[in-house]
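Visitor: Sharing my_file.cif (mmCIF, C-alpha atoms) below.
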data_coords
loop_
_atom_site.label_atom_id
_atom_site.label_comp_id
_atom_site.auth_asym_id
_atom_site.auth_seq_id
_atom_site.Cartn_x
_atom_site.Cartn_y
_atom_site.Cartn_z
CA MET A 12 67.78 278.42 157.97
CA VAL A 13 66.48 275.10 159.01
CA VAL A 14 65.80 272.79 156.13
CA THR A 15 62.93 270.65 157.12
CA GLY A 16 62.24 267.19 155.95
CA ALA A 17 58.87 268.23 154.69
CA VAL A 18 60.38 270.74 152.30
CA THR A 19 62.82 268.15 151.12
CA ALA A 20 60.06 265.68 150.58
CA CYS A 21 58.02 268.10 148.46
CA MET A 22 60.74 269.79 146.43
CA ALA A 23 64.11 268.17 146.23
CA VAL A 24 63.82 264.47 146.83
CA PRO A 25 60.26 263.30 147.02
CA THR A 26 59.63 260.47 149.33
CA ALA A 27 58.87 257.27 147.52
CA SER A 28 55.53 255.71 148.15
CA PRO A 29 55.66 252.45 150.09
CA SER A 30 54.85 250.45 146.99
CA THR A 31 57.84 251.80 145.10
CA ALA A 32 60.22 252.34 147.99
CA GLN A 33 63.56 250.63 147.96
CA PRO A 34 64.27 248.23 150.78
CA SER A 35 65.41 250.13 153.82
CA ALA A 36 69.02 249.61 154.70
CA SER A 37 68.01 248.83 158.23
CA ALA A 38 65.56 246.06 157.43
CA PRO A 39 66.87 242.77 158.79
CA ALA A 40 67.36 240.23 156.09
CA GLN A 41 66.55 237.20 158.19
CA ALA A 42 63.60 238.18 160.25
CA GLY A 43 61.88 240.50 157.80
CA LEU A 44 59.85 243.48 158.85
CA PRO A 45 57.88 243.49 162.07
CA PRO A 46 54.12 243.35 161.70
CA ARG A 47 52.59 246.69 160.78
CA CYS A 48 55.90 248.02 159.47
CA GLU A 49 56.62 248.79 155.83
CA ASN A 50 59.62 249.74 153.80
CA ILE A 51 60.30 253.43 153.40
CA ASP A 52 62.89 255.43 151.56
CA LEU A 53 63.45 258.83 153.10
CA ARG A 54 66.25 261.00 151.81
CA SER A 55 68.18 263.87 153.30
CA PRO A 56 68.63 267.17 151.42
CA ALA A 57 71.93 265.77 150.19
CA GLY A 58 70.21 262.66 148.90
CA ASP A 59 71.45 260.26 151.55
CA ARG A 60 69.11 257.62 152.81
CA VAL A 61 67.77 258.47 156.24
CA ASP A 62 68.36 255.76 158.79
CA LEU A 63 67.80 256.80 162.38
CA THR A 64 69.48 253.74 163.86
CA GLY A 65 72.15 254.77 166.32
CA ALA A 66 72.82 256.82 169.43
CA TRP A 67 71.37 260.28 169.97
CA ALA A 68 71.74 262.91 172.64
CA GLY A 69 70.53 266.42 173.09
CA SER A 70 68.51 268.92 174.98
CA GLY A 71 65.10 268.68 176.47
CA ILE A 72 63.96 266.29 179.09
CA LEU A 73 62.33 262.99 178.38
CA ALA A 74 63.70 260.40 180.77
CA GLY A 75 64.90 262.53 183.62
CA GLU A 76 66.98 265.50 184.49
CA SER A 77 69.99 264.15 182.73
CA GLU A 78 69.67 261.76 179.88
CA ALA A 79 72.65 259.62 179.07
CA ALA A 80 71.58 258.85 175.56
CA THR A 81 68.81 257.70 173.33
CA TRP A 82 69.30 254.66 171.17
CA LEU A 83 67.09 254.22 168.17
CA GLN A 84 66.59 251.27 165.88
CA GLN A 85 64.80 251.87 162.61
CA VAL A 86 63.33 248.80 160.97
CA GLY A 87 61.54 249.80 157.81
CA ASP A 88 59.30 252.69 158.74
CA CYS A 89 59.13 251.60 162.36
CA VAL A 90 61.37 253.27 164.90
CA TYR A 91 62.08 251.75 168.30
CA GLY A 92 64.11 253.38 171.00
CA SER A 93 65.26 253.48 174.56
CA VAL A 94 66.02 256.61 176.50
CA VAL A 95 68.28 255.84 179.40
CA GLY A 96 68.77 258.34 182.20
CA SER A 97 72.32 258.94 183.31
CA GLY A 98 71.55 257.55 186.72
CA MET A 99 71.02 254.19 185.09
CA LEU A 100 74.62 253.88 184.01
CA GLY A 101 76.45 252.27 186.87
CA ALA A 102 73.45 252.48 189.16
CA PRO A 103 70.54 250.60 187.65
CA LEU A 104 68.13 251.46 190.40
CA ALA A 105 68.78 255.18 190.27
CA GLY A 106 67.71 255.97 186.76
CA THR A 107 64.87 256.06 184.36
CA ILE A 108 64.32 254.00 181.25
CA THR A 109 61.82 255.05 178.66
CA ASN A 110 60.75 253.01 175.68
CA LEU A 111 59.83 254.56 172.38
CA SER A 112 58.04 253.00 169.47
CA GLY A 113 56.55 254.67 166.46
CA ARG A 114 56.41 254.94 162.71
CA VAL A 115 58.02 257.51 160.50
CA GLY A 116 55.86 258.87 157.70
CA PRO A 117 56.68 260.39 154.33
CA ASP A 118 56.17 263.77 155.99
CA PHE A 119 59.25 263.02 158.09
CA GLU A 120 57.16 262.89 161.23
CA ILE A 121 57.41 260.16 163.83
CA ASP A 122 54.46 259.46 166.07
CA PHE A 123 56.04 257.96 169.13
CA GLU A 124 54.40 256.06 171.92
CA VAL A 125 56.38 256.83 175.06
CA VAL A 126 56.38 254.30 177.88
CA ILE A 127 58.35 254.71 181.07
CA VAL A 128 59.41 251.24 182.10
CA SER A 129 61.54 252.18 185.07
CA GLN A 130 61.48 255.27 187.21
CA PRO A 131 63.18 255.79 190.56
CA GLN A 132 60.39 258.01 191.75
CA VAL A 133 56.85 258.66 190.68
CA LEU A 134 56.80 261.34 188.05
CA PRO A 135 53.96 263.84 187.76
CA PHE A 136 52.85 262.33 184.49
CA GLY A 137 51.72 258.87 183.59
CA THR A 138 53.83 256.03 182.34
CA TYR A 139 52.26 256.16 178.89
CA SER A 140 52.04 259.15 176.56
CA THR A 141 52.61 260.15 172.99
CA MET A 142 55.11 262.44 171.33
CA VAL A 143 55.45 263.73 167.78
CA VAL A 144 59.01 264.17 166.55
CA ARG A 145 60.12 265.71 163.28
CA ILE A 146 63.20 264.75 161.31
CA GLU A 147 64.97 267.86 160.14
CA TRP A 148 68.37 269.33 159.35
CA ASP A 149 69.94 272.31 161.06
CA ASP A 150 71.90 275.15 159.47
CA ASP A 151 75.03 273.03 159.42
CA GLY A 152 73.27 270.24 157.63
CA ARG A 153 73.24 267.99 160.68
CA ILE A 154 70.28 265.73 161.04
CA ARG A 155 68.30 266.18 164.21
CA LEU A 156 65.06 265.07 165.78
CA ARG A 157 62.88 267.75 167.24
CA GLU A 158 59.75 267.32 169.26
CA ASP A 159 56.90 269.01 167.42
CA ARG A 160 55.88 271.22 170.30
CA ASP A 161 56.42 274.87 171.09
CA PRO A 162 58.29 275.73 174.30
CA GLY A 163 55.92 275.61 177.22
CA GLU A 164 53.16 274.02 175.22
CA THR A 165 51.26 271.30 176.98
CA ALA A 166 51.38 267.90 175.34
CA SER A 167 50.43 264.33 176.07
CA ARG A 168 53.70 263.68 177.84
CA CYS A 169 53.70 267.10 179.48
CA PRO A 170 50.48 267.81 181.37
CA GLN A 171 52.34 270.56 183.19
CA ALA A 172 54.76 271.75 180.57
CA ALA A 173 56.02 274.77 182.42
CA LEU A 174 57.04 272.66 185.38
CA SER A 175 58.28 269.38 184.07
CA CYS A 176 59.18 269.75 180.43
CA PRO A 177 59.26 273.34 179.22
CA ALA A 178 61.46 272.79 176.19
CA PRO A 179 60.83 270.44 173.31
CA VAL A 180 63.19 267.53 172.95
CA ILE A 181 65.96 267.98 170.40
CA TRP A 182 68.34 265.15 169.69
CA TYR A 183 71.45 265.05 167.55
CA ARG A 184 73.20 261.94 166.41
CA VAL A 185 76.25 261.15 168.50
CA ASP A 186 77.66 258.30 166.50
CA GLU A 187 78.27 257.39 162.92
CA PRO A 188 75.34 255.96 160.99
CA PRO A 189 75.64 252.17 161.23
CA VAL A 190 74.88 251.63 157.57
CA PRO A 191 76.47 254.27 155.32
CA SER A 192 74.27 255.13 152.42
CA MET B 11 49.33 213.34 174.03
CA LEU B 12 51.14 216.14 172.32
CA LEU B 13 50.72 218.27 175.38
CA LYS B 14 51.99 215.47 177.56
CA GLY B 15 55.01 215.13 175.35
CA ARG B 16 55.77 218.81 175.56
CA LEU B 17 55.47 218.78 179.30
CA ARG B 18 57.78 215.84 179.72
CA LEU B 19 60.73 218.06 180.59
CA VAL B 20 58.78 220.23 182.99
CA PRO B 21 58.81 219.31 186.71
CA ARG B 22 55.54 217.74 187.79
CA SER B 23 55.18 220.20 190.64
CA LEU B 24 55.43 223.08 188.22
CA VAL B 25 52.76 221.59 186.02
CA VAL B 26 50.57 221.25 189.07
CA ALA B 27 51.20 224.87 189.98
CA VAL B 28 50.24 226.07 186.54
CA VAL B 29 47.13 223.92 186.49
CA MET B 30 46.24 225.16 189.95
CA ALA B 31 46.61 228.72 188.75
CA ALA B 32 44.20 228.06 185.93
CA LEU B 33 41.75 226.27 188.19
CA THR B 34 41.92 228.98 190.80
CA ALA B 35 41.33 231.58 188.16
CA CYS B 36 38.25 229.71 186.96
CA ALA B 37 36.79 229.05 190.39
CA SER B 38 35.10 232.38 191.01
CA ALA B 39 33.99 235.30 188.92
CA PRO B 40 36.73 237.85 189.64
CA ALA B 41 39.41 235.17 189.45
CA VAL B 42 38.75 234.22 185.86
CA PRO B 43 41.80 234.80 183.68
CA GLY B 44 41.05 237.35 181.02
CA ALA B 45 37.94 238.61 182.74
CA SER B 46 35.56 240.70 180.73
CA PRO B 47 36.96 244.22 180.37
CA SER B 48 33.72 245.63 181.71
CA HIS B 49 34.34 243.94 185.05
CA ALA B 50 38.04 244.58 185.39
CA GLU B 51 39.38 247.23 187.69
CA PRO B 52 42.06 249.65 186.47
CA LEU B 53 45.54 248.36 187.03
CA PRO B 54 47.89 250.32 189.26
CA SER B 55 50.15 251.28 186.40
CA VAL B 56 47.34 252.83 184.39
CA ASN B 57 46.87 256.55 184.50
CA PRO B 58 43.08 256.80 184.74
CA ALA B 59 43.10 260.30 183.36
CA ARG B 60 44.78 259.20 180.19
CA GLY B 61 43.35 255.74 179.82
CA LEU B 62 44.96 252.85 178.07
CA PRO B 63 47.29 253.01 175.11
CA PRO B 64 45.69 252.31 171.76
CA GLY B 65 45.26 248.61 171.18
CA CYS B 66 45.42 247.74 174.87
CA GLU B 67 42.53 246.53 177.02
CA THR B 68 42.03 245.97 180.69
CA ILE B 69 42.68 242.48 181.99
CA ASP B 70 42.31 240.76 185.31
CA LEU B 71 44.70 237.87 185.73
CA ARG B 72 45.05 236.25 189.13
CA SER B 73 47.75 234.19 190.78
CA PRO B 74 46.99 230.79 192.37
CA THR B 75 46.45 232.64 195.64
CA GLY B 76 44.06 235.09 194.03
CA GLU B 77 46.31 238.13 193.83
CA ARG B 78 46.08 240.36 190.82
CA ILE B 79 49.01 239.94 188.47
CA ASP B 80 50.92 243.06 187.62
CA LEU B 81 54.22 242.45 185.89
CA THR B 82 55.42 246.02 186.39
CA GLY B 83 58.81 245.99 188.05
CA GLU B 84 62.35 244.75 187.81
CA TRP B 85 63.22 241.23 186.73
CA ALA B 86 66.39 239.21 186.45
CA GLY B 87 66.98 235.88 184.91
CA SER B 88 68.40 232.49 185.25
CA GLY B 89 69.34 230.14 182.50
CA GLY B 90 69.50 231.64 179.06
CA GLY B 91 69.59 235.36 178.71
CA LEU B 92 67.98 237.58 176.17
CA ALA B 93 70.67 240.18 175.79
CA ASN B 94 73.52 238.28 177.42
CA THR B 95 74.50 236.76 180.74
CA PHE B 96 74.47 239.99 182.69
CA GLU B 97 71.12 241.58 182.12
CA ARG B 98 68.27 243.21 183.96
CA THR B 99 64.74 243.63 182.69
CA TRP B 100 62.25 246.32 183.58
CA LEU B 101 58.62 245.79 182.66
CA ASN B 102 55.64 248.10 182.69
CA GLN B 103 52.23 246.51 182.36
CA ILE B 104 49.44 248.81 181.24
CA GLY B 105 46.22 246.91 180.90
CA ASP B 106 47.02 243.80 178.90
CA CYS B 107 50.00 245.47 177.22
CA VAL B 108 53.49 244.90 178.52
CA TYR B 109 56.46 247.08 177.66
CA GLY B 110 59.98 246.37 178.70
CA SER B 111 63.65 247.12 178.45
CA VAL B 112 66.42 244.59 178.82
CA LEU B 113 69.77 246.12 179.72
CA GLY B 114 72.80 243.94 179.37
CA GLY B 115 76.53 244.01 179.92
CA ALA B 116 78.09 247.34 180.78
CA PHE B 117 74.66 248.84 181.40
CA VAL B 118 74.39 246.67 184.48
CA ARG B 119 77.62 247.39 186.25
CA GLU B 120 76.43 246.08 189.56
CA ALA B 121 76.84 242.56 188.26
CA GLU B 122 80.23 241.01 188.68
CA PHE B 123 82.25 241.12 185.47
CA ALA B 124 79.35 242.78 183.69
CA GLU B 125 81.58 245.59 182.51
CA PHE B 126 83.54 243.11 180.44
CA VAL B 127 80.50 241.95 178.55
CA GLU B 128 79.21 243.71 175.51
CA ALA B 129 76.55 246.25 176.31
CA SER B 130 73.14 245.82 174.80
CA LEU B 131 69.73 247.37 175.06
CA THR B 132 66.62 245.53 173.96
CA ASN B 133 63.04 246.74 173.80
CA LEU B 134 60.06 244.52 174.44
CA SER B 135 56.41 245.11 173.71
CA GLY B 136 53.59 242.64 173.77
CA ARG B 137 50.17 241.70 175.03
CA ILE B 138 49.10 239.23 177.66
CA GLY B 139 46.40 236.76 176.77
CA SER B 140 43.89 235.13 179.04
CA ASP B 141 46.01 231.98 178.66
CA PHE B 142 48.81 233.68 180.61
CA ARG B 143 50.95 233.95 177.51
CA ILE B 144 52.74 237.06 176.34
CA GLU B 145 53.59 237.48 172.70
CA PHE B 146 56.58 239.82 172.74
CA GLU B 147 58.11 241.76 169.91
CA VAL B 148 61.82 241.95 170.62
CA VAL B 149 63.84 244.81 169.15
CA MET B 150 67.50 245.25 169.82
CA VAL B 151 68.08 248.98 169.86
CA PHE B 152 71.75 248.87 170.78
CA GLN B 153 74.50 246.29 170.84
CA ASP B 154 78.24 246.49 171.10
CA THR B 155 78.80 243.62 168.78
CA GLN B 156 76.72 241.95 166.14
CA PHE B 157 74.79 239.04 167.53
CA ALA B 158 73.81 236.01 165.53
CA PHE B 159 70.20 237.05 165.39
CA GLY B 160 68.44 239.96 163.80
CA GLU B 161 67.37 243.28 165.14
CA TYR B 162 63.75 242.21 165.27
CA SER B 163 62.28 238.94 166.44
CA ALA B 164 59.37 237.49 168.36
CA MET B 165 59.29 235.67 171.68
CA ALA B 166 56.46 233.96 173.51
CA MET B 167 56.59 233.87 177.29
CA VAL B 168 54.41 232.12 179.84
CA ILE B 169 53.43 233.54 183.22
CA GLU B 170 53.76 230.74 185.74
CA TRP B 171 54.70 229.87 189.31
CA ASP B 172 57.57 227.69 190.40
CA ASP B 173 57.59 225.07 193.12
CA ASP B 174 58.00 227.74 195.78
CA GLY B 175 55.08 229.72 194.45
CA ARG B 176 57.25 232.43 193.03
CA LEU B 177 55.99 234.19 189.97
CA ARG B 178 58.20 233.85 186.96
CA LEU B 179 58.22 234.43 183.24
CA ARG B 180 59.47 231.62 181.07
CA GLU B 181 60.14 231.66 177.38
CA ASP B 182 57.88 229.12 175.74
CA ARG B 183 60.62 227.18 174.03
CA GLU B 184 62.35 223.93 174.76
CA PRO B 185 66.12 224.07 175.39
CA GLY B 186 67.92 224.00 172.07
CA ASP B 187 64.82 224.73 170.04
CA ARG B 188 65.21 227.31 167.38
CA ALA B 189 63.00 230.34 167.62
CA SER B 190 62.52 233.60 165.88
CA ARG B 191 65.09 235.23 168.10
CA CYS B 192 67.43 232.25 168.00
CA VAL B 193 68.65 231.64 164.52
CA GLN B 194 71.33 229.36 165.92
CA ALA B 195 69.82 228.13 169.15
CA ASN B 196 72.75 226.03 170.27
CA ILE B 197 75.18 228.90 169.85
CA GLY B 198 73.37 232.08 170.69
CA CYS B 199 70.60 231.06 173.03
CA PRO B 200 70.51 227.40 174.05
CA SER B 201 68.27 227.88 177.09
CA PRO B 202 64.87 229.51 177.31
CA VAL B 203 64.73 232.83 179.09
CA ILE B 204 63.47 232.63 182.67
CA TRP B 205 62.94 235.77 184.70
CA TYR B 206 62.09 236.20 188.36
CA ARG B 207 61.00 239.42 189.96
CA VAL B 208 63.78 241.08 191.91
CA ASP B 209 61.83 243.91 193.42
CA GLU B 210 58.68 244.13 195.45
CA ALA B 211 55.53 243.41 193.49
CA PRO B 212 53.07 246.29 193.29
CA SER B 213 50.27 245.92 195.78
CA SER B 214 47.12 244.60 194.22
#
If you took the structure in this file and wrote it as structure tokens, what would it be?
Guide:
Amino acid sequence: MVVTGAVTACMAVPTASPSTAQPSASAPAQAGLPPRCENIDLRSPAGDRVDLTGAWAGSGILAGESEAATWLQQVGDCVYGSVVGSGMLGAPLAGTITNLSGRVGPDFEIDFEVVIVSQPQVLPFGTYSTMVVRIEWDDDGRIRLREDRDPGETASRCPQAALSCPAPVIWYRVDEPPVPS
Amino acid sequence: MLLKGRLRLVPRSLVVAVVMAALTACASAPAVPGASPSHAEPLPSVNPARGLPPGCETIDLRSPTGERIDLTGEWAGSGGGLANTFERTWLNQIGDCVYGSVLGGAFVREAEFAEFVEASLTNLSGRIGSDFRIEFEVVMVFQDTQFAFGEYSAMAMVIEWDDDGRLRLREDREPGDRASRCVQANIGCPSPVIWYRVDEAPSS
């Protein structure tokens, strides 16, 4: 059974409101929070602080046919990321780079803006779109990020879902959390 | 006088080029920097069906020769780097919004010795003003080693033309000046970032 963040937020470990939230572990001490970003204190089912900063990889297509990895940086409730296509590694002109930026809410949802900054060929969708991603835990208790879209469902980033992006994006962390909670 | 003092280190020809760009932009209606959104044409990078991202507006900036400015493309730098010495920058301009990624070190293996430099990946997002300035938010999303500056900072860049008329982006900071992204300017980032386009500019 998948334990979703929303269930966790409502039953086990309620998400603190921004006014009472503890400082996020990922908030830089020197520069402070970026404009529009606020502190947030999200907790996993086991009570660990959720910090998405790190490297992720998984299934689904966002940058290209083969994504090397996605790197995320959480600063407060803001999440920034880069999705680098495998062609980029070792061959900068042969890959795709996609920027992500969004905010994570107390419902464990991230509303991402998705901007393709480099693409080796013109893709059938525009360079700007949006994507909703949910933070959740799988049966093994592993944190994952799942695009909130049914398979084949058309979305902002997928005008032709059946052709270009049939499956929702699912990412798992592929490194250790940079700041142990 | 203050302006003159700040420009003291800038080559006279460059100052002339920048002034010319401003004058050219002001000379005729479509050449005015920051033209009224109602008169601006959609930029090539905009998907007309989807429109502009929230918070972004159309803009019509022109070069000294009257060509529409579109920063979308690949850039590389001289002088001080943002991520490190071996870096490449990709920008995507959508309306007056500019998004970018700066890949450094092992990400850019085409550069000599780049594989021996720490890899880094930096996100940029900002808006261009009618004054040809871009206020960037700089977020380091990945780095091999801990740099002397934080994960988030700000950086102002100026769109300008060099003596040869080449478009470039220059960080609006004097060498050695501290900035948001340069907590220790003399150690981590003594020189301002300067980027030149290294691919073909989109047709205007």
Visitor: Restricting the calculation to only C-alpha atoms: of A:Phe119, A:Trp82, A:Tyr183, A:Trp148, which residue gets closest to chain B?
Guide: A:Trp82
Visitor: Quick one: which residues end up in the PyMOL selection byres ((chain A and resi 154-164) around 7) for this structure, as a list of chain:residue names?
Guide: A:Val143, A:Val144, A:Arg145, A:Ile146, A:Glu147, A:Trp148, A:Asp149, A:Gly152, A:Arg153, A:Thr165, A:Ala166, A:Ala172, A:Ala173, A:Pro177, A:Ala178, A:Pro179, A:Val180, A:Ile181, A:Trp182, A:Tyr183, A:Arg184
Visitor: What is the atom CA of A:Pro117-atom CA of B:Gln153 distance in Å, reported with one decimal?
Guide: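 That distance, rounded to one decimal, is 28.1 Å.
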Visitor: Decode the PyMOL selection byres ((chain A and resi 46) around 12) for the given file into explicit residues and return them as a list in words.
Guide: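 With the shown file as input, the PyMOL selection byres ((chain A and resi 46) around 12) matches Ala42, Gly43, Leu44, Pro45, Arg47, Cys48, Glu49, Asn50, Val86, Gly87, Asp88, Cys89 and Arg114 of chain A; Phe146, Glu147, Val148, Tyr162, Ser163 and Ala164 of chain B.
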Visitor: Emit the selected residues as a compact mmCIF listing (two decimals), in the frame of the given file, including C-alpha atoms.
Guide:
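Result saved to out-v6.txt:
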# COMPACT_ATOMS: atom_id res chain seq x y z
CA ALA A 42 63.60 238.18 160.25
CA GLY A 43 61.88 240.50 157.80
CA LEU A 44 59.85 243.48 158.85
CA PRO A 45 57.88 243.49 162.07
CA ARG A 47 52.59 246.69 160.78
CA CYS A 48 55.90 248.02 159.47
CA GLU A 49 56.62 248.79 155.83
CA ASN A 50 59.62 249.74 153.80
CA VAL A 86 63.33 248.80 160.97
CA GLY A 87 61.54 249.80 157.81
CA ASP A 88 59.30 252.69 158.74
CA CYS A 89 59.13 251.60 162.36
CA ARG A 114 56.41 254.94 162.71
CA PHE B 146 56.58 239.82 172.74
CA GLU B 147 58.11 241.76 169.91
CA VAL B 148 61.82 241.95 170.62
CA TYR B 162 63.75 242.21 165.27
CA SER B 163 62.28 238.94 166.44
CA ALA B 164 59.37 237.49 168.36
Visitor: In Å, how far is it from atom CA of B:Val112 to atom CA of A:Ser112?
Guide: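 Spanning atom CA of B:Val112 to atom CA of A:Ser112 is a straight-line distance of 15.1 Å.
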Visitor: When you draw a straight line from atom CA of B:Arg178 to atom CA of B:Leu81, how long is it in Å?
Guide: 9.5 Å
Visitor: Report, as AutoDock Vina command-line options, the centre and edge lengths in Å (one decimal) of the axis-aligned box enclosing every listed atom of stretch 178-185 of chain B, padded by 4 Å on each side.
Guide:
--center_x 62.0 --center_y 229.2 --center_z 180.5 --size_x 16.2 --size_y 18.5 --size_z 20.9
Visitor: Applied to this file, what does the PyMOL selection byres ((chain A and resi 93) around 12) return in terms of residues, put as number ranges by chain?
Guide: A: 64-68, 73-74, 78-84, 90-92, 94-96, 107-113, 123-129; B: 100, 109-113, 130-134, 149-152
Visitor: Give me the residues near B:Pro63 as a PyMOL selection string, where near means some atom within 9 Å (using only C-alpha atoms) and where sequence neighbours in that chain fewer than 5 positions away do not count.
Guide: (chain A and resi 124+139-140) or (chain B and resi 104-105+107)
Visitor: Let's have the selection written as a CSV table (one decimal), in the coordinates of the input, with C-alpha atoms.
Guide:
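Result saved to part_14.csv:
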chain,number,residue,atom,x,y,z
A,124,GLU,CA,54.4,256.1,171.9
A,139,TYR,CA,52.3,256.2,178.9
A,140,SER,CA,52.0,259.2,176.6
B,104,ILE,CA,49.4,248.8,181.2
B,105,GLY,CA,46.2,246.9,180.9
B,107,CYS,CA,50.0,245.5,177.2
Visitor: Please determine, counting only C-alpha atoms, which residue among A:Ile121, A:Gln130, A:Ile51, A:Thr138 has the shortest atom-to-atom distance to A:Cys169.
Guide: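 The shortest atom-to-atom distance to A:Cys169 comes from A:Thr138.
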Visitor: Nearest to B:Ser140: which of B:Cys192, B:Trp85, B:Ile79, B:Gly65 is it, counting only C-alpha atoms?
Guide: B:Ile79
